[in-house]
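J.: CSV, C-alpha atoms, saved as final.csv, coming up:
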chain,number,residue,atom,x,y,z
A,23,MET,CA,-25.2,-23.3,12.4
A,24,ALA,CA,-25.3,-27.0,11.7
A,25,THR,CA,-26.0,-27.8,15.4
A,26,GLU,CA,-28.8,-25.3,15.6
A,27,TYR,CA,-30.4,-26.6,12.4
A,28,GLY,CA,-30.1,-30.2,13.7
A,29,GLN,CA,-31.7,-29.3,17.0
A,30,GLY,CA,-34.5,-27.4,15.2
A,31,TYR,CA,-35.4,-30.3,12.9
A,32,GLY,CA,-35.0,-33.0,15.6
A,33,HIS,CA,-33.4,-35.7,13.4
A,34,GLY,CA,-31.2,-33.4,11.4
A,35,SER,CA,-33.6,-33.4,8.4
A,36,GLY,CA,-34.9,-30.6,6.3
A,37,PRO,CA,-33.5,-28.1,3.9
A,38,GLY,CA,-31.9,-25.9,6.5
A,39,PHE,CA,-29.9,-28.8,7.9
A,40,HIS,CA,-28.7,-29.9,4.5
A,41,GLY,CA,-27.7,-26.3,3.6
A,42,ALA,CA,-25.7,-26.0,6.8
A,43,ALA,CA,-24.1,-29.3,6.3
A,44,ALA,CA,-23.1,-28.4,2.8
A,45,GLY,CA,-21.6,-25.2,4.0
A,46,GLU,CA,-19.7,-27.1,6.7
A,47,ARG,CA,-18.3,-29.5,4.1
A,48,ARG,CA,-17.5,-26.6,1.8
A,49,HIS,CA,-15.3,-25.0,4.5
A,50,ARG,CA,-13.6,-28.1,5.8
A,51,LEU,CA,-10.7,-27.6,3.3
A,52,PRO,CA,-8.1,-25.3,5.0
A,53,ALA,CA,-7.8,-21.7,3.8
A,54,ALA,CA,-4.2,-22.3,2.7
A,55,LEU,CA,-5.3,-25.1,0.3
A,56,ARG,CA,-8.4,-23.1,-1.0
A,57,ALA,CA,-6.5,-19.9,-1.7
A,58,PRO,CA,-4.7,-21.0,-4.9
A,59,VAL,CA,-8.0,-21.8,-6.6
A,60,GLU,CA,-10.2,-19.2,-5.1
A,61,ALA,CA,-11.8,-16.6,-7.4
A,62,ARG,CA,-10.6,-13.8,-5.0
A,63,SER,CA,-6.9,-14.9,-5.5
A,64,TRP,CA,-7.2,-14.9,-9.2
A,65,ARG,CA,-8.9,-11.5,-9.2
A,66,GLU,CA,-6.1,-10.1,-7.1
A,67,PHE,CA,-3.5,-11.6,-9.4
A,68,GLY,CA,-5.3,-10.1,-12.4
A,69,TYR,CA,-5.3,-6.7,-10.6
A,70,VAL,CA,-1.5,-6.9,-10.2
A,71,MET,CA,-1.1,-8.0,-13.9
A,72,LEU,CA,-3.2,-5.1,-15.2
A,73,GLY,CA,-1.5,-2.7,-12.9
A,74,LEU,CA,1.8,-2.6,-14.8
A,75,PRO,CA,0.5,-1.4,-18.3
A,76,LEU,CA,-1.9,1.0,-16.7
A,77,SER,CA,0.7,2.4,-14.4
A,78,ILE,CA,3.1,2.9,-17.3
A,79,ALA,CA,0.4,4.9,-19.1
A,80,MET,CA,-0.4,7.0,-16.0
A,81,PHE,CA,3.2,7.6,-15.2
A,82,THR,CA,4.2,8.6,-18.7
A,83,PHE,CA,1.2,11.0,-19.0
A,84,ALA,CA,1.7,12.5,-15.6
A,85,ILE,CA,5.5,13.1,-15.9
A,86,THR,CA,5.3,14.3,-19.5
A,87,MET,CA,2.5,16.7,-18.9
A,88,PHE,CA,3.7,18.0,-15.6
A,89,SER,CA,7.3,18.5,-16.9
A,90,LEU,CA,6.0,20.3,-20.0
A,91,GLY,CA,3.7,22.5,-17.9
A,92,ALA,CA,6.3,23.4,-15.4
A,93,GLY,CA,8.8,24.2,-18.1
A,94,LEU,CA,6.2,26.5,-19.9
A,95,LEU,CA,5.2,28.4,-16.7
A,96,VAL,CA,7.5,31.2,-17.8
A,97,THR,CA,4.8,31.7,-20.4
A,98,PHE,CA,1.0,31.5,-20.0
A,99,LEU,CA,1.0,28.2,-21.8
A,100,GLY,CA,2.1,26.4,-18.7
A,101,VAL,CA,-1.1,27.0,-16.9
A,102,PRO,CA,-3.5,25.1,-19.3
A,103,VAL,CA,-0.9,22.3,-19.7
A,104,LEU,CA,-0.8,21.8,-15.9
A,105,ALA,CA,-4.5,22.0,-15.7
A,106,GLY,CA,-4.9,19.4,-18.5
A,107,ALA,CA,-2.3,17.2,-16.7
A,108,LEU,CA,-4.4,17.3,-13.5
A,109,ALA,CA,-7.6,16.7,-15.3
A,110,GLY,CA,-6.1,13.7,-17.1
A,111,CYS,CA,-4.8,12.3,-13.8
A,112,ARG,CA,-8.3,12.6,-12.4
A,113,GLY,CA,-9.6,10.6,-15.3
A,114,PHE,CA,-7.0,7.9,-14.7
A,115,GLY,CA,-8.1,8.0,-11.0
A,116,ALA,CA,-11.7,7.2,-11.9
A,117,LEU,CA,-10.4,4.2,-13.9
A,118,GLU,CA,-8.3,3.0,-11.0
A,119,ARG,CA,-11.2,3.3,-8.6
A,120,ALA,CA,-13.4,1.2,-10.9
A,121,ARG,CA,-10.6,-1.4,-11.2
A,122,ALA,CA,-10.1,-1.6,-7.5
A,123,ARG,CA,-13.9,-1.9,-7.0
A,124,GLY,CA,-14.2,-4.7,-9.6
A,125,LEU,CA,-11.2,-6.8,-8.7
A,126,LEU,CA,-10.4,-6.0,-5.1
A,127,GLY,CA,-13.9,-5.2,-3.8
A,128,VAL,CA,-12.7,-1.8,-2.5
A,129,GLU,CA,-15.5,0.7,-2.3
A,130,VAL,CA,-13.9,4.1,-2.8
A,131,GLY,CA,-16.0,7.2,-2.8
A,132,SER,CA,-15.5,9.9,-5.5
A,133,PRO,CA,-13.2,12.7,-4.4
A,134,GLU,CA,-14.5,16.2,-3.9
A,135,PRO,CA,-15.5,17.8,-7.2
A,136,VAL,CA,-13.8,20.8,-8.7
A,137,LEU,CA,-15.8,23.8,-7.7
A,138,VAL,CA,-15.9,26.4,-10.5
A,139,ARG,CA,-17.4,29.5,-9.1
A,140,LYS,CA,-17.3,31.5,-12.4
A,141,GLN,CA,-17.9,30.7,-16.0
A,142,GLY,CA,-15.0,30.4,-18.4
A,143,PRO,CA,-11.8,28.4,-19.0
A,144,MET,CA,-9.7,30.6,-16.7
A,145,ALA,CA,-12.0,29.9,-13.8
A,146,TRP,CA,-11.9,26.2,-14.5
A,147,MET,CA,-8.1,26.1,-14.7
A,148,GLY,CA,-7.8,28.0,-11.5
A,149,ALA,CA,-10.2,25.7,-9.7
A,150,ILE,CA,-8.5,22.5,-10.8
A,151,LEU,CA,-5.1,23.9,-9.9
A,152,LYS,CA,-6.3,24.8,-6.4
A,153,ASN,CA,-8.1,21.5,-5.9
A,154,GLY,CA,-6.1,19.3,-3.5
A,155,SER,CA,-7.7,16.1,-4.8
A,156,SER,CA,-6.3,16.7,-8.3
A,157,TRP,CA,-2.7,16.9,-6.9
A,158,ARG,CA,-3.3,13.7,-5.0
A,159,HIS,CA,-4.2,12.0,-8.2
A,160,LEU,CA,-1.0,13.2,-9.8
A,161,LEU,CA,1.0,11.9,-6.8
A,162,TYR,CA,-0.8,8.5,-7.2
A,163,ALA,CA,0.2,8.3,-10.9
A,164,VAL,CA,3.8,8.9,-9.9
A,165,LEU,CA,4.0,6.5,-6.9
A,166,GLN,CA,2.0,3.7,-8.5
A,167,PHE,CA,4.5,3.1,-11.2
A,168,PRO,CA,7.5,1.8,-9.2
A,169,TRP,CA,5.1,-0.2,-6.9
A,170,ALA,CA,3.3,-1.7,-9.9
A,171,VAL,CA,6.7,-2.9,-11.4
A,172,PHE,CA,7.7,-4.5,-8.1
A,173,SER,CA,4.3,-6.1,-7.6
A,174,PHE,CA,4.2,-7.4,-11.1
A,175,VAL,CA,7.7,-9.0,-10.9
A,176,VAL,CA,7.0,-10.6,-7.5
A,177,ALA,CA,3.6,-11.9,-8.3
A,178,LEU,CA,4.4,-13.3,-11.7
A,179,THR,CA,7.6,-14.9,-10.5
A,180,PHE,CA,5.9,-16.7,-7.6
A,181,TRP,CA,2.9,-17.8,-9.7
A,182,ALA,CA,5.0,-19.1,-12.6
A,183,TYR,CA,7.5,-20.9,-10.5
A,184,GLY,CA,4.9,-22.4,-8.1
A,185,TRP,CA,2.6,-23.8,-10.8
A,186,ALA,CA,5.5,-24.9,-13.0
A,187,MET,CA,7.1,-26.9,-10.2
A,188,LEU,CA,3.8,-28.2,-8.9
A,189,THR,CA,3.0,-29.7,-12.4
A,190,TYR,CA,6.5,-30.8,-13.1
A,191,PRO,CA,5.6,-34.5,-12.9
A,192,LEU,CA,3.2,-33.9,-15.8
A,193,TRP,CA,5.6,-32.3,-18.2
A,194,PHE,CA,9.1,-33.3,-17.3
A,195,TRP,CA,9.1,-35.9,-20.1
A,196,LEU,CA,9.4,-33.0,-22.6
A,197,PHE,CA,13.1,-32.6,-21.8
A,198,PRO,CA,14.3,-36.1,-22.8
A,199,VAL,CA,11.9,-36.2,-25.8
A,200,TYR,CA,12.5,-32.7,-27.2
A,201,GLY,CA,15.4,-31.2,-25.2
A,202,GLY,CA,17.9,-33.9,-25.2
A,203,GLN,CA,18.4,-33.9,-21.4
A,204,GLY,CA,16.9,-35.7,-18.5
A,205,GLY,CA,14.9,-32.9,-17.0
A,206,LEU,CA,15.3,-29.5,-15.4
A,207,GLN,CA,19.0,-28.6,-14.9
A,208,LEU,CA,19.7,-27.9,-11.3
A,209,TYR,CA,23.4,-27.3,-11.7
A,210,GLY,CA,25.9,-27.5,-14.6
A,211,ASP,CA,29.4,-26.6,-15.5
A,212,GLY,CA,32.0,-27.8,-17.9
A,213,THR,CA,32.5,-31.2,-16.3
A,214,HIS,CA,29.2,-32.4,-14.9
A,215,SER,CA,25.5,-31.5,-14.7
A,216,ILE,CA,22.7,-32.2,-12.2
A,217,TYR,CA,19.2,-32.8,-13.6
A,218,LEU,CA,15.9,-33.3,-11.7
A,219,ASP,CA,15.1,-36.6,-13.5
A,220,ASN,CA,14.6,-39.4,-11.0
A,221,PRO,CA,11.2,-40.0,-9.2
A,222,PHE,CA,12.5,-38.7,-5.8
A,223,GLU,CA,13.7,-35.4,-7.2
A,224,ILE,CA,10.6,-35.0,-9.3
A,225,THR,CA,8.4,-35.6,-6.2
A,226,VAL,CA,10.5,-33.1,-4.1
A,227,THR,CA,10.2,-30.5,-6.9
A,228,ALA,CA,6.4,-31.0,-7.0
A,229,LEU,CA,6.1,-30.7,-3.2
A,230,LEU,CA,8.2,-27.5,-3.2
A,231,GLY,CA,6.0,-26.2,-6.0
A,232,LEU,CA,3.0,-26.9,-3.8
A,233,LEU,CA,4.4,-24.9,-1.0
A,234,ILE,CA,5.1,-22.0,-3.3
A,235,THR,CA,1.7,-22.2,-4.9
A,236,MET,CA,0.0,-22.1,-1.5
A,237,ALA,CA,2.1,-19.2,-0.3
A,238,THR,CA,1.7,-17.1,-3.5
A,239,PRO,CA,-2.0,-16.0,-3.0
A,240,TRP,CA,-1.0,-14.6,0.5
A,241,ILE,CA,2.0,-12.8,-1.0
A,242,VAL,CA,-0.2,-11.3,-3.7
A,243,ARG,CA,-2.8,-10.3,-1.1
A,244,ALA,CA,-0.1,-8.5,0.9
A,245,LEU,CA,0.9,-6.6,-2.3
A,246,THR,CA,-2.6,-5.6,-3.1
A,247,THR,CA,-3.1,-4.4,0.5
A,248,VAL,CA,-0.7,-1.6,-0.3
A,249,ASP,CA,-2.7,-0.9,-3.5
A,250,ARG,CA,-5.9,-0.7,-1.4
A,251,LEU,CA,-4.2,1.8,0.9
A,252,MET,CA,-3.0,3.9,-1.9
A,253,VAL,CA,-6.3,4.0,-3.7
A,254,LEU,CA,-8.2,4.8,-0.5
A,255,GLY,CA,-5.7,7.5,0.6
A,256,LEU,CA,-5.0,9.2,-2.6
A,257,LEU,CA,-8.0,8.6,-4.9
A,258,GLY,CA,-10.8,8.9,-2.5
A,259,PRO,CA,-12.3,11.9,-0.7
A,260,SER,CA,-10.1,13.7,1.8
A,261,ARG,CA,-10.7,13.5,5.5
A,262,LEU,CA,-12.0,17.1,5.5
A,263,ALA,CA,-14.5,16.4,2.7
A,264,THR,CA,-15.6,13.2,4.5
A,265,ARG,CA,-16.0,15.2,7.8
A,266,VAL,CA,-18.1,17.9,6.0
A,267,VAL,CA,-20.4,15.2,4.5
A,268,GLU,CA,-20.8,13.6,8.0
A,269,LEU,CA,-21.6,17.0,9.6
A,270,GLU,CA,-24.1,17.7,6.8
A,271,SER,CA,-25.7,14.3,7.4
A,272,ASP,CA,-25.9,14.9,11.1
A,273,ARG,CA,-27.4,18.3,10.6
A,274,GLY,CA,-30.0,16.8,8.4
A,275,VAL,CA,-30.9,14.2,11.0
A,276,VAL,CA,-31.1,16.9,13.7
A,277,VAL,CA,-33.3,19.1,11.6
A,278,ASP,CA,-35.6,16.2,10.8
A,279,THR,CA,-35.8,15.2,14.4
A,280,ALA,CA,-36.6,18.8,15.5
A,281,ALA,CA,-39.3,19.1,12.8
A,282,ALA,CA,-40.8,15.8,14.0
A,283,ASP,CA,-40.8,17.0,17.6
A,284,LEU,CA,-42.3,20.3,16.6
A,285,ARG,CA,-45.1,18.6,14.7
A,286,ARG,CA,-45.7,16.3,17.7
A,287,ILE,CA,-45.9,19.3,20.1
A,288,GLU,CA,-48.3,21.1,17.8
A,289,ARG,CA,-50.5,18.0,17.5
A,290,ASP,CA,-50.5,17.6,21.3
A,291,LEU,CA,-51.4,21.2,21.9
A,292,HIS,CA,-54.1,21.1,19.2
A,293,ASP,CA,-55.6,17.9,20.7
A,294,GLY,CA,-55.5,19.4,24.2
A,295,ALA,CA,-57.3,22.5,23.1
A,296,GLN,CA,-60.0,20.5,21.4
A,297,ALA,CA,-60.5,18.4,24.6
A,298,ARG,CA,-60.9,21.5,26.7
A,299,LEU,CA,-63.4,23.0,24.3
Would you give me this structure, written as C-alpha cells?
T.:
Amino acid sequence: MATEYGQGYGHGSGPGFHGAAAGERRHRLPAALRAPVEARSWREFGYVMLGLPLSIAMFTFAITMFSLGAGLLVTFLGVPVLAGALAGCRGFGALERARARGLLGVEVGSPEPVLVRKQGPMAWMGAILKNGSSWRHLLYAVLQFPWAVFSFVVALTFWAYGWAMLTYPLWFWLFPVYGGQGGLQLYGDGTHSIYLDNPFEITVTALLGLLITMATPWIVRALTTVDRLMVLGLLGPSRLATRVVELESDRGVVVDTAAADLRRIERDLHDGAQARL
C-alpha cells in the first residue's frame, strides 16, 4: 500500500502516503513481540480468568438440578425440575455467547427457540425437554468446567511466571532488603543454597521470562480456540436449523426473482400490445 500511495502522489507526499507509512511502521514490530501487549491477548486472558467462576456456577447448577430431577422422575416433580434445569442452562448459554462475542469476537447465532404449540406449563415443559438445543446447553455446562479449570491453571501460571521473571531485575532487591536472602532461591537443602543474585543470573532469568511472556499469548490463544469450538458447536444453532434457515432464504430469493420476472413479462406484453394498437 505504501508503494501504491507513493506512486500516486509522485514524491510520496499527501495524507494517503503518510497513513500507509504509519501503518507500515506500526507493523514492523514482529507479531511475537506485539502479542504480550496487544488488546486481543489481554481480552483472551480475561476470558480464561472469567471462565472459571462462571463454569463453577454453571456446573453446580446443571449437576444439582439434573441429579435432583432425575431422582424425582419416579414422581411427577422430576419433570418440572428437569425442565427448569434446561431453561437455566439456556440462560447460562446466552451469557456465554455474550462473553465469547465481547472478549473473543466470536459471532454465535442464537439456537433454535423452544416451540410451544399449546398453551400451558405442561406444553412448555414438554417442548423444552424435547428441544435438542437445551440438552446441548446442559452438555456444555458439564464439559466446560474441567476445561475451564485446566485453562485457568495453565494461563495464570504462564502469565505470572513470565512477567515475574521478566521484571525480576526491577524487584530482586526486595529479597536482601526484606527477605534476608540474596534473591530467588533456585535450589536449597540443609548444607547449601543457590540464589539468583548476580548480574548474569538476573539477566538470564529476565531473558527466560521474556521467552515465556512472548509464548504465553499463543498458548492462551490455543486454549481459547477450544472454547470457540465449544461455544459454536454446543451453544449455537444446530446444522439442521442452519440448513432450514438457508433453504428459507434461498426460497425467498427464488420467489422474489420469479415475481420480478413475472412483472417484467407482464410489462413487456403490455408495452407490445400498446405498440400494436
J.: Nearest residue to A:Asp249 out of A:Ala79, A:Ala122, A:Ala92, A:Ala145, using only C-alpha atoms?
T.: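 Nearest candidate to A:Asp249 out of A:Ala79, A:Ala122, A:Ala92, A:Ala145: A:Ala122.
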J.: Please work out which residues fall within 8 Å of (-0.7, 15.5, -9.1), coordinates as given in the file, with only C-alpha atoms counting, and return them as a ChimeraX atom specification.
T.: /A:84,107-108,111,156-163
J.: Can you work out the spacing between atom CA of A:Gly106 and atom CA of A:Phe83 in Å, to one decimal?
T.: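 According to the coordinates, atom CA of A:Gly106 and atom CA of A:Phe83 are separated by 10.4 Å.
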J.: With only C-alpha atoms as the atoms that count, which of A:Pro52, A:Gly255, A:Gly68, A:Pro198 lies nearest to A:Arg121?
T.: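 Comparing A:Pro52, A:Gly255, A:Gly68, A:Pro198 against A:Arg121, the winner is A:Gly68.
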J.: Just want the 8 Å neighbourhood of A:Arg250, counted on only C-alpha atoms, with same-chain residues fewer than 3 positions away dropped. Output as a PyMOL selection string.
T.: chain A and resi 122+126+128+246-247+253-254
J.: In terms of the shortest atom-to-atom distance over all atoms listed in the file, which of A:Phe88, A:Phe222, A:Tyr69, A:Tyr200 is closest to A:Gly100?
T.: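 Looking at the shortest contact to A:Gly100, the residue is A:Phe88.
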J.: Kindly compute an axis-aligned box around the listed atoms of stretch 102-111 of chain A, allowing 3 Å on each side, and express its centre and edge lengths in Å to one decimal as AutoDock Vina command-line options.
T.:
--center_x -4.2 --center_y 18.7 --center_z -16.6 --size_x 12.8 --size_y 18.8 --size_z 12.2
J.: Looking at A:Thr97, A:Ile234, A:Pro239, A:Ile150, which one is nearest to A:Ala61, with distances taken over all atoms listed in the file?
T.: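 Of all the options, A:Pro239 lies closest to A:Ala61.
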J.: Which protein, DNA or RNA residues are at most 10 Å from (-2.6, 2.7, -9.4) in the file's coordinates when you count all atoms listed in the file, listed as a ChimeraX atom specification?
T.: /A:69-70,72-74,76-78,80-81,114-115,117-119,121-122,159,162-167,169-170,249-250,252-253,256-257
J.: Could you add the missing atoms to stretch 48-81 of chain A, up to N, CA and C atoms, and return them as a short mmCIF file (atom, residue, chain, number, x, y, z; two decimals), in the coordinates of the input?
T.:
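File rebuild_35.cif, as written:
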data_model
loop_
_atom_site.label_atom_id
_atom_site.label_comp_id
_atom_site.auth_asym_id
_atom_site.auth_seq_id
_atom_site.Cartn_x
_atom_site.Cartn_y
_atom_site.Cartn_z
N ARG A 48 -18.13 -27.51 2.74
CA ARG A 48 -17.50 -26.60 1.80
C ARG A 48 -16.27 -25.92 2.46
N HIS A 49 -16.32 -25.74 3.77
CA HIS A 49 -15.30 -25.00 4.50
C HIS A 49 -14.36 -25.95 5.25
N ARG A 50 -14.48 -27.26 5.07
CA ARG A 50 -13.60 -28.10 5.80
C ARG A 50 -12.17 -28.05 5.19
N LEU A 51 -12.03 -27.70 3.93
CA LEU A 51 -10.70 -27.60 3.30
C LEU A 51 -10.04 -26.32 3.91
N PRO A 52 -8.81 -26.43 4.39
CA PRO A 52 -8.10 -25.30 5.00
C PRO A 52 -8.00 -24.11 4.02
N ALA A 53 -7.93 -22.92 4.59
CA ALA A 53 -7.80 -21.70 3.80
C ALA A 53 -6.56 -21.72 2.92
N ALA A 54 -5.47 -22.30 3.45
CA ALA A 54 -4.20 -22.30 2.70
C ALA A 54 -4.34 -23.18 1.44
N LEU A 55 -5.16 -24.24 1.50
CA LEU A 55 -5.30 -25.10 0.30
C LEU A 55 -6.38 -24.51 -0.63
N ARG A 56 -7.34 -23.73 -0.12
CA ARG A 56 -8.40 -23.10 -1.00
C ARG A 56 -7.83 -21.93 -1.74
N ALA A 57 -6.89 -21.21 -1.15
CA ALA A 57 -6.50 -19.90 -1.70
C ALA A 57 -5.98 -19.99 -3.14
N PRO A 58 -5.16 -20.98 -3.53
CA PRO A 58 -4.70 -21.00 -4.90
C PRO A 58 -5.76 -21.09 -5.99
N VAL A 59 -6.91 -21.64 -5.65
CA VAL A 59 -8.00 -21.80 -6.60
C VAL A 59 -9.18 -20.95 -6.38
N GLU A 60 -9.12 -20.09 -5.39
CA GLU A 60 -10.20 -19.20 -5.10
C GLU A 60 -10.33 -18.10 -6.14
N ALA A 61 -11.55 -17.67 -6.40
CA ALA A 61 -11.80 -16.60 -7.40
C ALA A 61 -11.12 -15.30 -6.88
N ARG A 62 -11.15 -15.08 -5.56
CA ARG A 62 -10.60 -13.80 -5.00
C ARG A 62 -9.07 -13.77 -5.32
N SER A 63 -8.37 -14.89 -5.19
CA SER A 63 -6.90 -14.90 -5.50
C SER A 63 -6.64 -14.59 -6.92
N TRP A 64 -7.43 -15.14 -7.82
CA TRP A 64 -7.20 -14.90 -9.20
C TRP A 64 -7.58 -13.45 -9.60
N ARG A 65 -8.59 -12.88 -8.94
CA ARG A 65 -8.90 -11.50 -9.20
C ARG A 65 -7.77 -10.56 -8.73
N GLU A 66 -7.21 -10.87 -7.57
CA GLU A 66 -6.10 -10.10 -7.10
C GLU A 66 -4.87 -10.21 -7.98
N PHE A 67 -4.63 -11.42 -8.46
CA PHE A 67 -3.50 -11.60 -9.40
C PHE A 67 -3.76 -10.85 -10.69
N GLY A 68 -5.00 -10.87 -11.19
CA GLY A 68 -5.30 -10.10 -12.40
C GLY A 68 -5.17 -8.60 -12.15
N TYR A 69 -5.49 -8.14 -10.93
CA TYR A 69 -5.30 -6.70 -10.60
C TYR A 69 -3.85 -6.33 -10.72
N VAL A 70 -2.96 -7.18 -10.19
CA VAL A 70 -1.50 -6.90 -10.20
C VAL A 70 -1.03 -6.91 -11.69
N MET A 71 -1.50 -7.88 -12.48
CA MET A 71 -1.10 -8.00 -13.90
C MET A 71 -1.51 -6.76 -14.68
N LEU A 72 -2.74 -6.31 -14.46
CA LEU A 72 -3.20 -5.10 -15.20
C LEU A 72 -2.58 -3.85 -14.69
N GLY A 73 -2.08 -3.88 -13.47
CA GLY A 73 -1.50 -2.70 -12.90
C GLY A 73 -0.31 -2.14 -13.63
N LEU A 74 0.53 -3.04 -14.16
CA LEU A 74 1.80 -2.60 -14.80
C LEU A 74 1.48 -1.76 -16.08
N PRO A 75 0.71 -2.26 -17.06
CA PRO A 75 0.50 -1.40 -18.30
C PRO A 75 -0.27 -0.13 -17.94
N LEU A 76 -1.22 -0.19 -17.02
CA LEU A 76 -1.90 1.00 -16.70
C LEU A 76 -1.03 2.03 -15.95
N SER A 77 -0.17 1.53 -15.08
CA SER A 77 0.70 2.40 -14.40
C SER A 77 1.75 3.06 -15.32
N ILE A 78 2.17 2.31 -16.34
CA ILE A 78 3.10 2.90 -17.30
C ILE A 78 2.39 4.05 -18.06
N ALA A 79 1.13 3.84 -18.45
CA ALA A 79 0.40 4.90 -19.10
C ALA A 79 0.21 6.11 -18.22
N MET A 80 -0.18 5.88 -16.95
CA MET A 80 -0.40 7.00 -16.00
C MET A 80 0.89 7.74 -15.75
N PHE A 81 1.97 7.00 -15.49
CA PHE A 81 3.20 7.60 -15.20
C PHE A 81 3.77 8.44 -16.34
#
